[in-house]
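Asker: Here it is, the structure in full.
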There are 2 protein chains.
Amino acid sequence: MTDSYHMTPEEFRRNGYAMVDWVADYLENVADYPVTSRVSPGEVRAALPADAPEQPEPFASVLEDLNRVIMPGITHWQSPNWFAFFPANSSGPAILGELAAAGLGVQGMLWSTSPAATELETLVVDWMAELLDLPQQWRTTDQGGGVIQMSASDATHVALVTAREIARREAPIDRLVVYGSDQTHSSLEKGARIAGYSNFRTVASDDEYAMRPDALEAAVAADRAAGLVPAFVAATIGTTATTAVDPVRAIASIANANAMWCHVDAAYAGSAMICPEFRHHQDGIELVDSYMFNPHKWMFTNFDCDLYYVADRKPLLDAMSILPPYLRNAATLSGEVIDYRDWHVPLGRRFRALKLWFVLRHYGATGIRHHIREHVRLAHGLADRIAADDRLELVAPVPFALVVFRHRAGNEATTRLATALNESGKVAVSATTLGDMAAIRVTVGQTTTAAFHVDALWALIDELA
Amino acid sequence: MTDSYHMTPEEFRRNGYAMVDWVADYLENVADYPVTSRVSPGEVRAALPADAPEQPEPFASVLEDLNRVIMPGITHWQSPNWFAFFPANSSGPAILGELAAAGLGVQGMLWSTSPAATELETLVVDWMAELLDLPQQWRTTDQGGGVIQMSASDATHVALVTAREIARREAPIDRLVVYGSDQTHSSLEKGARIAGYSNFRTVASDDEYAMRPDALEAAVAADRAAGLVPAFVAATIGTTATTAVDPVRAIASIANANAMWCHVDAAYAGSAMICPEFRHHQDGIELVDSYMFNPHKWMFTNFDCDLYYVADRKPLLDAMSILPPYLRNAATLSGEVIDYRDWHVPLGRRFRALKLWFVLRHYGATGIRHHIREHVRLAHGLADRIAADDRLELVAPVPFALVVFRHRAGNEATTRLATALNESGKVAVSATTLGDMAAIRVTVGQTTTAAFHVDALWALIDELA
């Protein structure tokens with residue numbers, strides 16, 4: 001009988017080199033794979049044993065199955081030919097930050113359970129607030145603060161719960177109302193339902209897909225007149241369908257006048273605010289209650305890394321904190337430290353600040369600005385080509401690096417073009433609808449997407465249109 | 001001006017080797033660090049620049065700061081001398097699984113966004129159901145299914161929301177009631193508050209800290225009589241304070257008789273069920289609605305890896321799913337595939353199944369059973385020594401690998417002993433209270449904890465007692 005089945009540190013070193021080589025090779029060759037997986041439902045699972053392994057296997061045979069079975073089922077989000085959804089880009093330093101975090105394996109639920117995890121997190125969220133020119137009050141050293149959450153959906157859900165706890169002092173949950181536009185991400189409605197709200201209003205947007213403040217004001221007034229209590233509104237900087245920018249100042253003013261919580265979803269476009277020329281899009285954010293953006297979308301930091309900021313941390317802590325005896329400790333009781341488990345639903349937490357710190361130091365703000373601007377420049381180049389083409393037309397402005405267009409021949413031609421692009425295996429784009437109109441979304445944002453890849457995409461669009 | 005600030009694949013390979021060496025060295029030397037960090041609040045942050053880096057820095061200088069600034073602020077959860085809280089153990093294969101997942105950087109929100117991510121996840125959760133002898137109905141191939149969530153708190157929250165949506169058909173949220181015992185983890189009360197419940201009942205436990213079914217039955221009857229609607233009860237297999245086991249069959253029967261949702265928290269002890277000799281503790285689980293356990297606690301799989309199972313997936317999907325146009329796709333519409341974003345709050349998801357798959361194949365069920373049994377054996381050896389010592393006494397049975405004891409001289413002596421153990425830097429234990437009684441918790445569960453480490457812990461207890 002074996003004494004230990006563990007991988008020894010020396011075996012880890014050897015297998016670790018092999019795994020690093022595997023990742024390095026993947027990063028080198030990722031552009032060569034068909035971007036979208038071609039497998040049918042059930043195919044991956046069927047290629048693996050139905051029953052759990054009873055005996056240990058060498059690491060080499062796991063790597064072998066990774067290549068043989070898993071890889072054909074992978075859709076390559078890290079391909080430079082990935083133009084679908086929003087990017088979930090990654091980078092070398094972020095991957096190494098994940099490796100360091102996994103190696104340390106610490107829990108940062110309380111300051112005291114690994115002080116560096118909390119302190120590095122407060123530092124990097126404050127650094128990001130500085131780089132994005134977010135209000136001074138939002139710094140963890142001031143009245144508000146930031147925290148890393150898993151996803152934008154989680155952050156929005158937490159904002160909804162915090163607002164609900166405040167509004168509930170006025171009225172039962174069933175009378176509270178949540179507002180978004182017809183372009184707001186589905187995580188708002190999902191989060192609202194999960195938080196127990198039963199009234200959700202979809203506010204109309206204008207022809208550039210931005211929320212109409214007059215429509216919001218009218219909806220709020222109508223609900224008040226009906227005896228309901230408007231509780232929460234989300235403004236989006238960079239909507240999912242077209243990266244439209246809601247007028248934050250106007251929306252936040254309405255929210256403030258009606259004692260509603262105003263939340264800003266800048267999940268995608270927040271990253272652009274590292275460049276001063278985009279900051280006019282966040283005009284008015286000093287008036288809002290909460291804000292989130294995802295370095296894991298367009299800032300070269302592996303998922304999961306959503307940054308959630310609040311202007312005032314007290315209502316958040318009131319909604320989320322609970323202190324059982326087994327979590328009591330001198331540091332917490334002193335009030336001198338931040339215990340991040342009070343900033344979200346989960347208790348346990350990975351050391352996610354490491355990867356963001358690695359990214360910020362590897363690129364510097366200069367490097368991040370360079371690549372964001374390059375993606376925006378490439379997107380505008382593509383938009384110009386589309387605008388100049390008789391067969392195609394842009395259907396929305398391009399404030400950042402998402403280009404949304406259609407085939408002038410109509411919905412069927414548009415959908416057929418999207419399908420043909422994706423079925424080529426050479427690129428991935430998203431098909432969507434805007435009202436009744438079919439449209440194609442092309443995001444330029446994968447870490448290594450360069451002029452060459454956007455030129456090739458255009459050649460393909462040109463050929464297939 | 002530089003063209004690119006990215007780390008090239010070749011640089012990644014070189015830096016990756018360095019990072020692997022760093023982790024391998026850490027795993028080799030982790031026992032040599034003081035287990036608990038000695039830093040004061042603010043010390044780590046103060047040692048780093050207040051402002052975000054403007055210029056790129058070489059990876060070597062990041063590693064240097066990792067050693068110089070971060071490491072002194074780390075509390076070493078992966079030390080074999082870690083006996084505090086519950087373990088959050090890791091292992092070589094799990095760390096490499098994290099590295100592979102970070103390298104691939106795929107999103108598994110929908111089957112179609114990377115089929116292998118979903119299919120490997122359904123496979124490993126079904127494998128685990130087989131290994132733990134969970135009901136056939138809970139397999140993803142049957143009526144229920146399993147999903148990887150971030151933490152036990154997230155899983156419990158999702159169960160509470162699902163139950164709330166069912167119970168809400170009978171009565172408004174403010175009339176629904178949630179039940180746990182006085183030993184139930186705080187995540188139940190926190191999750192209930194977040195899910196919007198306002199009635200939470202603490203049911204008494206017996207002298208072995210297990211929930212009293214008669215007390216639950218009385219509380220449910222009293223609430224019914226008062227016009228409230230009992231909606232949710234959590235039974236725990238392995239409570240936080242003492243790993244007590246609630247009588248699942250009795251509790252689930254009361255729940256079923258009252259149309260309540262019954263959830264089982266086996267976050268810690270679930271891992272033990274891979275050994276048949278512990279399964280009598282889960283008698284009755286075929287009667288419950290949902291169940292979770294954390295391979296990231298005691299099954300050598302890095303956090304985050306919580307497995308959440310439901311007996312019937314329909315109410316879960318009803319509560320969590322929403323389908324906007326940009327997420328529509330042929331596979332989803334066919335109904336042939338699982339889209340895991342409908343199984344929890346977040347939309348985006350990391351490829352966490354990889355690390356669990358790496359662990360299961362590296363150890364095999366045989367290897368995991370061996371180490372779980374070894375930890376239990378070592379814990380019982382320690383318990384025997386404590387029981388035989390005149391100065392100390394056990395305060396609870398030891399069904400798994402947590403030993404809870406006190407100093408016979410009373411609370412002050414117990415607390416002093418816990419503090420002395422932790423201040424030695426040689427071990428970490430948890431101080432807690434059971435009612436008014438101070439107690440010390442020692443969990444034997446860190447991956448590499450062996451007889452030698454438990455002997456050394458005992459020598460230290462013996463010396464300091």
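Labels used: A, B, ... for chains in the order of the structure tokens, numbers from 1 for residues in each chain, and numbers from 1 for ligands as shown.
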So that I can see what lies close to segment 108-114 of chain A, please list as a count of residues only the residues with an atom at most 9 Å from it, counting only C-alpha atoms and leaving out residues fewer than 5 positions away in the same chain.
Answerer: 26
Asker: Do you know which residues are at most 7 Å from Met292 of chain A counting only C-alpha atoms, after dropping those on the same chain fewer than 2 positions away, and could you put them as a VMD selection string?
Answerer: chain A and resid 152 155 264 to 267 294 306 to 309
Asker: Counting only C-alpha atoms, figure out which residue out of B:Ala401, B:Val429, B:Ile251, B:Ala222 gets nearest to chain A.
Answerer: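 Of B:Ala401, B:Val429, B:Ile251, B:Ala222, the one nearest chain A, counting only C-alpha atoms, is B:Val429.
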Asker: Among segment 112-295 of chain B, which ones does DSSP place in alpha helix (DSSP H), written as number ranges by chain?
Answerer: B: 115-131, 152-167, 186-194, 213-225, 248-257, 295
Asker: Can you list, as a VMD selection string, all residues belonging to segment 116-187 of chain A that DSSP tags as strand (DSSP E or B)?
Answerer: chain A and resid 145 to 149 176 to 181
Asker: Based on the selection just made, write all heavy atoms of those residues as a JSON list (two decimals), in the first residue's frame.
Answerer:
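Output (out_11.json):
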[["chain", "number", "residue", "atom", "x", "y", "z"],
["A", 145, "GLY", "N", -15.62, 52.46, -1.20],
["A", 145, "GLY", "CA", -14.63, 51.42, -1.33],
["A", 145, "GLY", "C", -14.95, 50.48, -2.46],
["A", 145, "GLY", "O", -16.05, 50.51, -3.03],
["A", 146, "GLY", "N", -13.96, 49.66, -2.79],
["A", 146, "GLY", "CA", -14.12, 48.70, -3.87],
["A", 146, "GLY", "C", -13.77, 47.30, -3.41],
["A", 146, "GLY", "O", -13.06, 47.12, -2.42],
["A", 147, "VAL", "N", -14.29, 46.33, -4.14],
["A", 147, "VAL", "CA", -14.08, 44.92, -3.81],
["A", 147, "VAL", "C", -14.07, 44.14, -5.11],
["A", 147, "VAL", "O", -14.72, 44.54, -6.08],
["A", 147, "VAL", "CB", -15.21, 44.42, -2.89],
["A", 147, "VAL", "CG1", -16.59, 44.57, -3.53],
["A", 147, "VAL", "CG2", -15.01, 42.96, -2.46],
["A", 148, "ILE", "N", -13.33, 43.04, -5.15],
["A", 148, "ILE", "CA", -13.37, 42.16, -6.32],
["A", 148, "ILE", "C", -14.48, 41.13, -6.12],
["A", 148, "ILE", "O", -14.49, 40.43, -5.11],
["A", 148, "ILE", "CB", -12.03, 41.45, -6.54],
["A", 148, "ILE", "CG1", -10.90, 42.49, -6.73],
["A", 148, "ILE", "CG2", -12.10, 40.52, -7.75],
["A", 148, "ILE", "CD1", -9.52, 41.88, -6.93],
["A", 149, "GLN", "N", -15.41, 41.08, -7.06],
["A", 149, "GLN", "CA", -16.44, 40.06, -7.04],
["A", 149, "GLN", "C", -16.23, 39.13, -8.24],
["A", 149, "GLN", "O", -15.36, 39.36, -9.06],
["A", 149, "GLN", "CB", -17.83, 40.70, -7.11],
["A", 149, "GLN", "CG", -18.09, 41.63, -5.93],
["A", 149, "GLN", "CD", -19.51, 41.54, -5.41],
["A", 149, "GLN", "OE1", -20.29, 40.69, -5.83],
["A", 149, "GLN", "NE2", -19.85, 42.41, -4.48],
["A", 176, "LEU", "N", -41.88, 47.45, -4.18],
["A", 176, "LEU", "CA", -40.68, 48.14, -4.68],
["A", 176, "LEU", "C", -40.55, 47.93, -6.19],
["A", 176, "LEU", "O", -40.96, 46.91, -6.72],
["A", 176, "LEU", "CB", -39.44, 47.60, -3.97],
["A", 176, "LEU", "CG", -39.49, 47.59, -2.43],
["A", 176, "LEU", "CD1", -38.18, 47.03, -1.88],
["A", 176, "LEU", "CD2", -39.79, 48.97, -1.88],
["A", 177, "VAL", "N", -39.94, 48.92, -6.86],
["A", 177, "VAL", "CA", -39.80, 48.84, -8.32],
["A", 177, "VAL", "C", -38.35, 49.06, -8.75],
["A", 177, "VAL", "O", -37.65, 49.93, -8.21],
["A", 177, "VAL", "CB", -40.69, 49.88, -9.04],
["A", 177, "VAL", "CG1", -40.75, 49.58, -10.54],
["A", 177, "VAL", "CG2", -42.09, 49.93, -8.44],
["A", 178, "VAL", "N", -37.93, 48.27, -9.73],
["A", 178, "VAL", "CA", -36.59, 48.35, -10.32],
["A", 178, "VAL", "C", -36.73, 48.80, -11.78],
["A", 178, "VAL", "O", -37.63, 48.34, -12.49],
["A", 178, "VAL", "CB", -35.90, 46.97, -10.28],
["A", 178, "VAL", "CG1", -34.59, 46.97, -11.05],
["A", 178, "VAL", "CG2", -35.69, 46.52, -8.84],
["A", 179, "TYR", "N", -35.82, 49.69, -12.22],
["A", 179, "TYR", "CA", -35.87, 50.23, -13.59],
["A", 179, "TYR", "C", -34.57, 49.98, -14.35],
["A", 179, "TYR", "O", -33.48, 50.16, -13.81],
["A", 179, "TYR", "CB", -36.10, 51.75, -13.55],
["A", 179, "TYR", "CG", -37.34, 52.15, -12.78],
["A", 179, "TYR", "CD1", -37.32, 52.24, -11.39],
["A", 179, "TYR", "CD2", -38.54, 52.41, -13.45],
["A", 179, "TYR", "CE1", -38.46, 52.58, -10.67],
["A", 179, "TYR", "CE2", -39.69, 52.75, -12.74],
["A", 179, "TYR", "CZ", -39.64, 52.83, -11.34],
["A", 179, "TYR", "OH", -40.78, 53.16, -10.64],
["A", 180, "GLY", "N", -34.72, 49.57, -15.59],
["A", 180, "GLY", "CA", -33.59, 49.50, -16.50],
["A", 180, "GLY", "C", -34.11, 49.93, -17.86],
["A", 180, "GLY", "O", -35.32, 50.16, -18.02],
["A", 181, "SER", "N", -33.24, 50.01, -18.85],
["A", 181, "SER", "CA", -33.75, 50.37, -20.18],
["A", 181, "SER", "C", -33.99, 49.09, -20.96],
["A", 181, "SER", "O", -33.66, 47.99, -20.51],
["A", 181, "SER", "CB", -32.75, 51.25, -20.92],
["A", 181, "SER", "OG", -31.82, 50.45, -21.61]]
Asker: Which polymer residues have any atom within 8 Å of an atom of Gly196 of chain B, counting only C-alpha atoms, with same-chain residues fewer than 4 positions away left out, as a count of residues only?
Answerer: 4
Asker: Could you list, as number ranges by chain, every residue within 10 Å of Ile237 of chain A, counting only C-alpha atoms and ignoring same-chain residues fewer than 5 positions away?
Answerer: A: 184, 210, 243-248, 264-270, 281-282, 293
Asker: Would you kindly return, as a PDB file with N, CA, C and O atoms, in the first residue's frame, each protein, DNA or RNA residue with an atom no farther than 7 Å from any atom of Arg13 of chain A, considering only C-alpha atoms and excluding same-chain residues fewer than 5 positions away?
Answerer:
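Output below, filename part_15.pdb:
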ATOM      1  N   VAL B  20       6.403  28.499 -11.584  1.00  0.00           N
ATOM      2  CA  VAL B  20       6.269  27.105 -11.135  1.00  0.00           C
ATOM      3  C   VAL B  20       7.345  26.787 -10.093  1.00  0.00           C
ATOM      4  O   VAL B  20       7.063  26.166  -9.062  1.00  0.00           O
ATOM      5  N   ASP B  21       8.571  27.246 -10.332  1.00  0.00           N
ATOM      6  CA  ASP B  21       9.631  27.032  -9.347  1.00  0.00           C
ATOM      7  C   ASP B  21       9.259  27.683  -8.016  1.00  0.00           C
ATOM      8  O   ASP B  21       9.448  27.115  -6.950  1.00  0.00           O
ATOM      9  N   ALA B  24       6.616  25.544  -6.423  1.00  0.00           N
ATOM     10  CA  ALA B  24       7.211  24.269  -5.959  1.00  0.00           C
ATOM     11  C   ALA B  24       8.044  24.507  -4.696  1.00  0.00           C
ATOM     12  O   ALA B  24       7.969  23.734  -3.730  1.00  0.00           O
TER      13      ALA B  24
END
